[in-house]
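Engineer: My file is final.cif. It has mmCIF, C-alpha atoms:
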```
data_structure
#
loop_
_atom_site.group_PDB
_atom_site.id
_atom_site.type_symbol
_atom_site.label_atom_id
_atom_site.label_comp_id
_atom_site.auth_asym_id
_atom_site.auth_seq_id
_atom_site.Cartn_x
_atom_site.Cartn_y
_atom_site.Cartn_z
ATOM 1 C CA MET A 8 39.615 9.704 40.406
ATOM 2 C CA LYS A 9 36.212 11.374 40.763
ATOM 3 C CA LEU A 10 37.355 14.060 38.361
ATOM 4 C CA PHE A 11 38.382 11.401 35.834
ATOM 5 C CA PHE A 12 34.951 9.670 35.950
ATOM 6 C CA ALA A 13 33.148 13.003 35.839
ATOM 7 C CA SER A 14 35.153 13.906 32.737
ATOM 8 C CA LEU A 15 34.294 10.576 31.079
ATOM 9 C CA LEU A 16 30.613 11.025 31.924
ATOM 10 C CA PHE A 17 30.665 14.562 30.487
ATOM 11 C CA ILE A 18 32.331 13.370 27.266
ATOM 12 C CA ALA A 19 29.861 10.490 26.886
ATOM 13 C CA CYS A 20 26.838 12.762 27.422
ATOM 14 C CA THR A 21 28.185 15.366 24.999
ATOM 15 C CA ALA A 22 28.752 12.700 22.327
ATOM 16 C CA ALA A 23 25.259 11.260 22.835
ATOM 17 C CA THR A 24 23.678 14.718 22.580
ATOM 18 C CA ALA A 25 25.613 15.465 19.401
ATOM 19 C CA LYS A 26 24.519 12.149 17.880
ATOM 20 C CA THR A 27 20.865 12.809 18.818
ATOM 21 C CA ASN A 28 21.016 16.272 17.221
ATOM 22 C CA GLU A 29 22.616 14.773 14.101
ATOM 23 C CA VAL A 30 19.831 12.189 13.712
ATOM 24 C CA MET A 31 17.164 14.848 14.183
ATOM 25 C CA ASN A 32 18.771 17.170 11.625
ATOM 26 C CA ASN A 33 17.010 16.450 8.304
ATOM 27 C CA ASP A 34 19.589 18.488 6.415
ATOM 28 C CA ASN A 35 22.323 16.050 7.399
ATOM 29 C CA PRO A 36 23.366 13.986 4.349
ATOM 30 C CA ASP A 37 24.006 10.962 6.587
ATOM 31 C CA VAL A 38 20.321 10.783 7.502
ATOM 32 C CA ALA A 39 18.459 8.518 5.061
ATOM 33 C CA LYS A 40 15.956 10.309 2.841
ATOM 34 C CA ALA A 41 12.616 8.684 2.092
ATOM 35 C CA LYS A 42 12.390 7.034 -1.314
ATOM 36 C CA THR A 43 10.011 8.169 -4.007
ATOM 37 C CA ILE A 44 8.408 6.136 -6.758
ATOM 38 C CA TYR A 45 11.072 7.601 -9.068
ATOM 39 C CA ASP A 46 13.619 5.246 -7.509
ATOM 40 C CA PHE A 47 11.952 2.280 -9.229
ATOM 41 C CA SER A 48 11.737 0.711 -12.652
ATOM 42 C CA ILE A 49 10.118 -2.552 -13.733
ATOM 43 C CA LYS A 50 9.792 -4.711 -16.818
ATOM 44 C CA SER A 51 6.800 -3.778 -18.939
ATOM 45 C CA LEU A 52 4.287 -6.214 -20.406
ATOM 46 C CA ASP A 53 5.707 -5.662 -23.886
ATOM 47 C CA GLY A 54 9.281 -6.472 -22.801
ATOM 48 C CA GLY A 55 10.549 -2.912 -22.344
ATOM 49 C CA THR A 56 11.121 -1.070 -19.073
ATOM 50 C CA ILE A 57 8.818 1.238 -17.156
ATOM 51 C CA ASP A 58 11.084 3.776 -15.442
ATOM 52 C CA PHE A 59 8.950 5.741 -13.001
ATOM 53 C CA SER A 60 11.307 8.724 -13.138
ATOM 54 C CA GLN A 61 9.997 9.397 -16.670
ATOM 55 C CA PHE A 62 6.670 10.398 -15.105
ATOM 56 C CA LYS A 63 8.027 13.348 -13.087
ATOM 57 C CA GLY A 64 5.530 16.188 -13.051
ATOM 58 C CA LYS A 65 2.500 13.895 -13.451
ATOM 59 C CA LYS A 66 0.355 12.077 -10.944
ATOM 60 C CA ILE A 67 0.554 8.290 -11.105
ATOM 61 C CA LEU A 68 -2.248 5.838 -10.346
ATOM 62 C CA ILE A 69 -0.890 2.348 -9.658
ATOM 63 C CA VAL A 70 -3.331 -0.568 -9.782
ATOM 64 C CA ASN A 71 -2.859 -4.303 -9.240
ATOM 65 C CA THR A 72 -4.939 -5.892 -11.990
ATOM 66 C CA ALA A 73 -6.267 -9.310 -12.985
ATOM 67 C CA SER A 74 -7.991 -10.421 -16.166
ATOM 68 C CA MET A 75 -10.576 -12.795 -14.685
ATOM 69 C CA CYS A 76 -11.776 -10.938 -11.594
ATOM 70 C CA GLY A 77 -15.154 -9.502 -10.700
ATOM 71 C CA PHE A 78 -13.423 -6.093 -10.648
ATOM 72 C CA THR A 79 -11.865 -6.547 -14.131
ATOM 73 C CA PRO A 80 -14.479 -4.257 -15.761
ATOM 74 C CA GLN A 81 -12.668 -1.423 -13.941
ATOM 75 C CA TYR A 82 -10.222 -1.572 -16.863
ATOM 76 C CA LYS A 83 -12.821 0.385 -18.861
ATOM 77 C CA ALA A 84 -12.954 3.202 -16.293
ATOM 78 C CA LEU A 85 -9.166 3.144 -15.896
ATOM 79 C CA GLU A 86 -8.705 3.595 -19.650
ATOM 80 C CA ALA A 87 -11.301 6.404 -19.730
ATOM 81 C CA LEU A 88 -9.551 8.145 -16.817
ATOM 82 C CA TYR A 89 -6.197 7.772 -18.535
ATOM 83 C CA GLU A 90 -7.506 9.196 -21.820
ATOM 84 C CA ALA A 91 -9.215 12.117 -20.065
ATOM 85 C CA HIS A 92 -6.165 13.123 -17.991
ATOM 86 C CA LYS A 93 -3.138 12.026 -20.080
ATOM 87 C CA ASP A 94 -1.574 15.465 -19.738
ATOM 88 C CA LYS A 95 -1.332 15.173 -15.948
ATOM 89 C CA LEU A 96 -1.875 11.486 -15.055
ATOM 90 C CA VAL A 97 -0.246 8.159 -15.849
ATOM 91 C CA ILE A 98 -1.887 4.874 -14.914
ATOM 92 C CA VAL A 99 0.323 1.825 -14.463
ATOM 93 C CA GLY A 100 -1.287 -1.594 -14.150
ATOM 94 C CA PHE A 101 0.492 -4.413 -12.335
ATOM 95 C CA PRO A 102 -1.051 -7.724 -13.467
ATOM 96 C CA SER A 103 -0.965 -10.154 -10.566
ATOM 97 C CA ASP A 104 -2.146 -13.675 -9.818
ATOM 98 C CA ASN A 105 -2.102 -13.361 -6.022
ATOM 99 C CA PHE A 106 -5.852 -13.661 -5.561
ATOM 100 C CA GLY A 107 -7.782 -16.716 -6.680
ATOM 101 C CA GLY A 108 -5.750 -17.571 -9.795
ATOM 102 C CA GLN A 109 -7.419 -14.766 -11.736
ATOM 103 C CA GLU A 110 -4.575 -13.723 -14.060
ATOM 104 C CA TYR A 111 -3.125 -15.398 -17.129
ATOM 105 C CA LYS A 112 0.322 -16.942 -16.740
ATOM 106 C CA ASP A 113 1.674 -15.575 -20.026
ATOM 107 C CA ASP A 114 2.275 -11.837 -20.562
ATOM 108 C CA LYS A 115 1.160 -12.120 -24.211
ATOM 109 C CA ASP A 116 -2.233 -13.452 -23.079
ATOM 110 C CA ILE A 117 -2.585 -10.612 -20.553
ATOM 111 C CA LYS A 118 -1.737 -7.984 -23.175
ATOM 112 C CA SER A 119 -4.104 -9.505 -25.736
ATOM 113 C CA PHE A 120 -6.954 -9.705 -23.213
ATOM 114 C CA CYS A 121 -6.528 -6.082 -22.079
ATOM 115 C CA GLN A 122 -6.340 -4.669 -25.600
ATOM 116 C CA LYS A 123 -9.103 -6.807 -27.102
ATOM 117 C CA ASN A 124 -11.635 -6.407 -24.289
ATOM 118 C CA TYR A 125 -10.898 -2.943 -22.886
ATOM 119 C CA GLY A 126 -8.648 -1.147 -25.389
ATOM 120 C CA VAL A 127 -6.028 -0.586 -22.690
ATOM 121 C CA THR A 128 -3.301 1.829 -23.780
ATOM 122 C CA PHE A 129 -1.838 2.772 -20.388
ATOM 123 C CA PRO A 130 1.386 1.017 -19.314
ATOM 124 C CA LEU A 131 1.202 -2.488 -17.874
ATOM 125 C CA THR A 132 4.013 -4.328 -16.135
ATOM 126 C CA THR A 133 4.898 -7.947 -16.577
ATOM 127 C CA ARG A 134 2.962 -10.239 -14.220
ATOM 128 C CA VAL A 135 4.226 -9.751 -10.638
ATOM 129 C CA ASP A 136 3.426 -10.567 -7.021
ATOM 130 C CA VAL A 137 1.932 -7.720 -4.997
ATOM 131 C CA LYS A 138 2.025 -9.603 -1.698
ATOM 132 C CA GLY A 139 3.881 -12.518 -0.136
ATOM 133 C CA ASP A 140 7.506 -13.620 -0.216
ATOM 134 C CA ASN A 141 8.102 -12.546 -3.833
ATOM 135 C CA THR A 142 6.469 -9.106 -3.643
ATOM 136 C CA THR A 143 7.820 -6.803 -6.326
ATOM 137 C CA PRO A 144 9.911 -3.926 -4.850
ATOM 138 C CA VAL A 145 7.412 -1.261 -5.986
ATOM 139 C CA TYR A 146 4.693 -2.880 -3.883
ATOM 140 C CA LYS A 147 7.029 -3.320 -0.907
ATOM 141 C CA TYR A 148 7.546 0.444 -1.111
ATOM 142 C CA LEU A 149 3.843 1.243 -1.571
ATOM 143 C CA CYS A 150 2.689 -0.973 1.310
ATOM 144 C CA SER A 151 5.286 -0.056 3.937
ATOM 145 C CA LYS A 152 5.250 3.237 5.840
ATOM 146 C CA SER A 153 8.887 2.642 6.771
ATOM 147 C CA GLU A 154 9.704 2.856 3.034
ATOM 148 C CA ASN A 155 7.148 5.364 1.688
ATOM 149 C CA GLY A 156 6.939 7.593 4.785
ATOM 150 C CA VAL A 157 3.151 7.906 4.538
ATOM 151 C CA LEU A 158 1.157 4.752 5.268
ATOM 152 C CA ASP A 159 1.065 1.005 5.660
ATOM 153 C CA ALA A 160 -1.299 -0.728 3.234
ATOM 154 C CA THR A 161 -2.532 -4.262 2.806
ATOM 155 C CA ILE A 162 -3.441 -5.433 -0.679
ATOM 156 C CA SER A 163 -6.736 -7.155 0.023
ATOM 157 C CA TRP A 164 -7.678 -8.163 -3.537
ATOM 158 C CA ASN A 165 -7.237 -7.219 -7.186
ATOM 159 C CA PHE A 166 -7.698 -3.589 -8.260
ATOM 160 C CA ASN A 167 -6.354 -1.865 -5.152
ATOM 161 C CA LYS A 168 -5.129 1.600 -6.132
ATOM 162 C CA PHE A 169 -2.359 3.967 -5.048
ATOM 163 C CA ILE A 170 -2.157 7.622 -6.075
ATOM 164 C CA ILE A 171 1.260 9.285 -6.293
ATOM 165 C CA ASP A 172 1.785 13.055 -6.545
ATOM 166 C CA GLU A 173 3.751 14.987 -9.181
ATOM 167 C CA ASN A 174 6.901 14.733 -7.040
ATOM 168 C CA GLY A 175 6.804 10.942 -6.742
ATOM 169 C CA ASN A 176 5.378 10.806 -3.218
ATOM 170 C CA LEU A 177 2.580 8.492 -2.125
ATOM 171 C CA LEU A 178 -0.692 10.284 -1.368
ATOM 172 C CA ALA A 179 -3.300 7.587 -0.706
ATOM 173 C CA HIS A 180 -4.354 3.943 -1.015
ATOM 174 C CA PHE A 181 -7.812 2.736 -2.082
ATOM 175 C CA ASP A 182 -9.300 -0.749 -1.909
ATOM 176 C CA SER A 183 -10.902 -2.575 -4.840
ATOM 177 C CA LYS A 184 -14.376 -1.133 -4.353
ATOM 178 C CA VAL A 185 -13.176 2.425 -4.971
ATOM 179 C CA THR A 186 -13.672 2.748 -8.710
ATOM 180 C CA PRO A 187 -11.368 4.764 -10.968
ATOM 181 C CA ASP A 188 -14.178 7.254 -11.667
ATOM 182 C CA SER A 189 -15.001 7.758 -7.964
ATOM 183 C CA ASP A 190 -14.989 11.092 -6.131
ATOM 184 C CA GLU A 191 -12.280 9.699 -3.815
ATOM 185 C CA ILE A 192 -9.855 9.494 -6.749
ATOM 186 C CA ALA A 193 -11.169 12.539 -8.631
ATOM 187 C CA LYS A 194 -10.328 14.854 -5.725
ATOM 188 C CA TYR A 195 -6.626 14.086 -6.271
ATOM 189 C CA LEU A 196 -6.814 14.978 -9.974
ATOM 190 C CA ASN A 197 -8.268 18.490 -9.651
#
```
Could you quickly redo this structure as structure tokens?
Structural biologist:
Amino acid sequence: MKLFFASLLFIACTAATAKTNEVMNNDNPDVAKAKTIYDFSIKSLDGGTIDFSQFKGKKILIVNTASMCGFTPQYKALEALYEAHKDKLVIVGFPSDNFGGQEYKDDKDIKSFCQKNYGVTFPLTTRVDVKGDNTTPVYKYLCSKSENGVLDATISWNFNKFIIDENGNLLAHFDSKVTPDSDEIAKYLN
């Protein structure tokens, strides 16, 4: 009887060790791989689709925007940054009304405002939520270390920024006060 229980204990320990080694083995196809931004697409402001996989090989700066915010003048610096680095950087704006009712309800109004006042040519998504129960999947990914593998972030206000590398991996998060032309962002573009 002792031999029987010893055998069962040995089998159980061997199975547990094998399972532990399997989970720790990153080459195992059963182990979930971290997502990249390339796994996402979203409706654009003009009715098309922004497929992030089309930006492979470029850095991506993602910004939650609003048309009637104290930080809205950052659109000018975002457009200048986009124009200066088009060959290696894409900026994608995510218009959002999550903070103080500072975004238009209609996508046509958002597009008109951005073009008329700041000459925005970089891609903009349709109006989305960047926090709360209806958070768009891209922002769930960006704000959750369990999804992006890098950091947890809280969107504190409009014009928070995320920089993504040329392989679709999150590099850093910046709050609203970090301007598009800041040294903090520039160091990722050199």
Engineer: Nearest to Tyr125 of chain A among A:Lys194, A:Lys83, A:Lys63, A:Lys138, with distances taken over only C-alpha atoms: which residue is it?
Structural biologist: A:Lys83
Engineer: Could you state which residues are captured by the PyMOL selection byres ((chain A and resi 96) around 8) in this file, as a PyMOL selection string?
Structural biologist: chain A and resi 65-68+89+92-95+97-98+196
Engineer: Within 9 Å of Ile117 of chain A, counting all atoms listed in the file, which residues show up once you throw out same-chain ones fewer than 3 positions away? Write them as a VMD selection string, please.
Structural biologist: chain A and resid 52 73 to 74 102 110 to 114 120 to 122 133 to 134
Engineer: Report as a PyMOL selection string the residues that result from applying the PyMOL selection byres ((chain A and resi 46-50) around 12) to the structure here.
Structural biologist: chain A and resi 40-45+51-63+99-102+114+130-135+143-149+154-155+174-176
Engineer: Might you spell out which residues the PyMOL selection byres ((chain A and resi 85) around 9) would select in the displayed file, as an MDAnalysis selection string?
Structural biologist: chainID A and resid 81:84 86:90 98 127 129 186:188
Engineer: I'd like the interatomic distance between atom CA of His180 of chain A and atom CA of Asn167 of chain A, to a tenth of an Å.
Structural biologist: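 Taking atom CA of His180 of chain A as the start and atom CA of Asn167 of chain A as the end point, the length is 7.4 Å.
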Engineer: Expressed in Å to a single decimal, how great is the separation between atom CA of Phe78 of chain A and atom CA of Lys184 of chain A?
Structural biologist: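 Pair atom CA of Phe78 of chain A / atom CA of Lys184 of chain A returns 8.1 Å.
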Engineer: Using Å and a single decimal, report how far atom CA of Glu173 of chain A sits from atom CA of Gly156 of chain A.
Structural biologist: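 Computing it gives 16.1 Å between the two atoms.
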Engineer: As a ChimeraX atom specification, please: the residues near Ala179 of chain A (cut-off 9 Å, only C-alpha atoms, same-chain neighbours under 2 positions excluded).
Structural biologist: /A:157-158,168-171,177,181
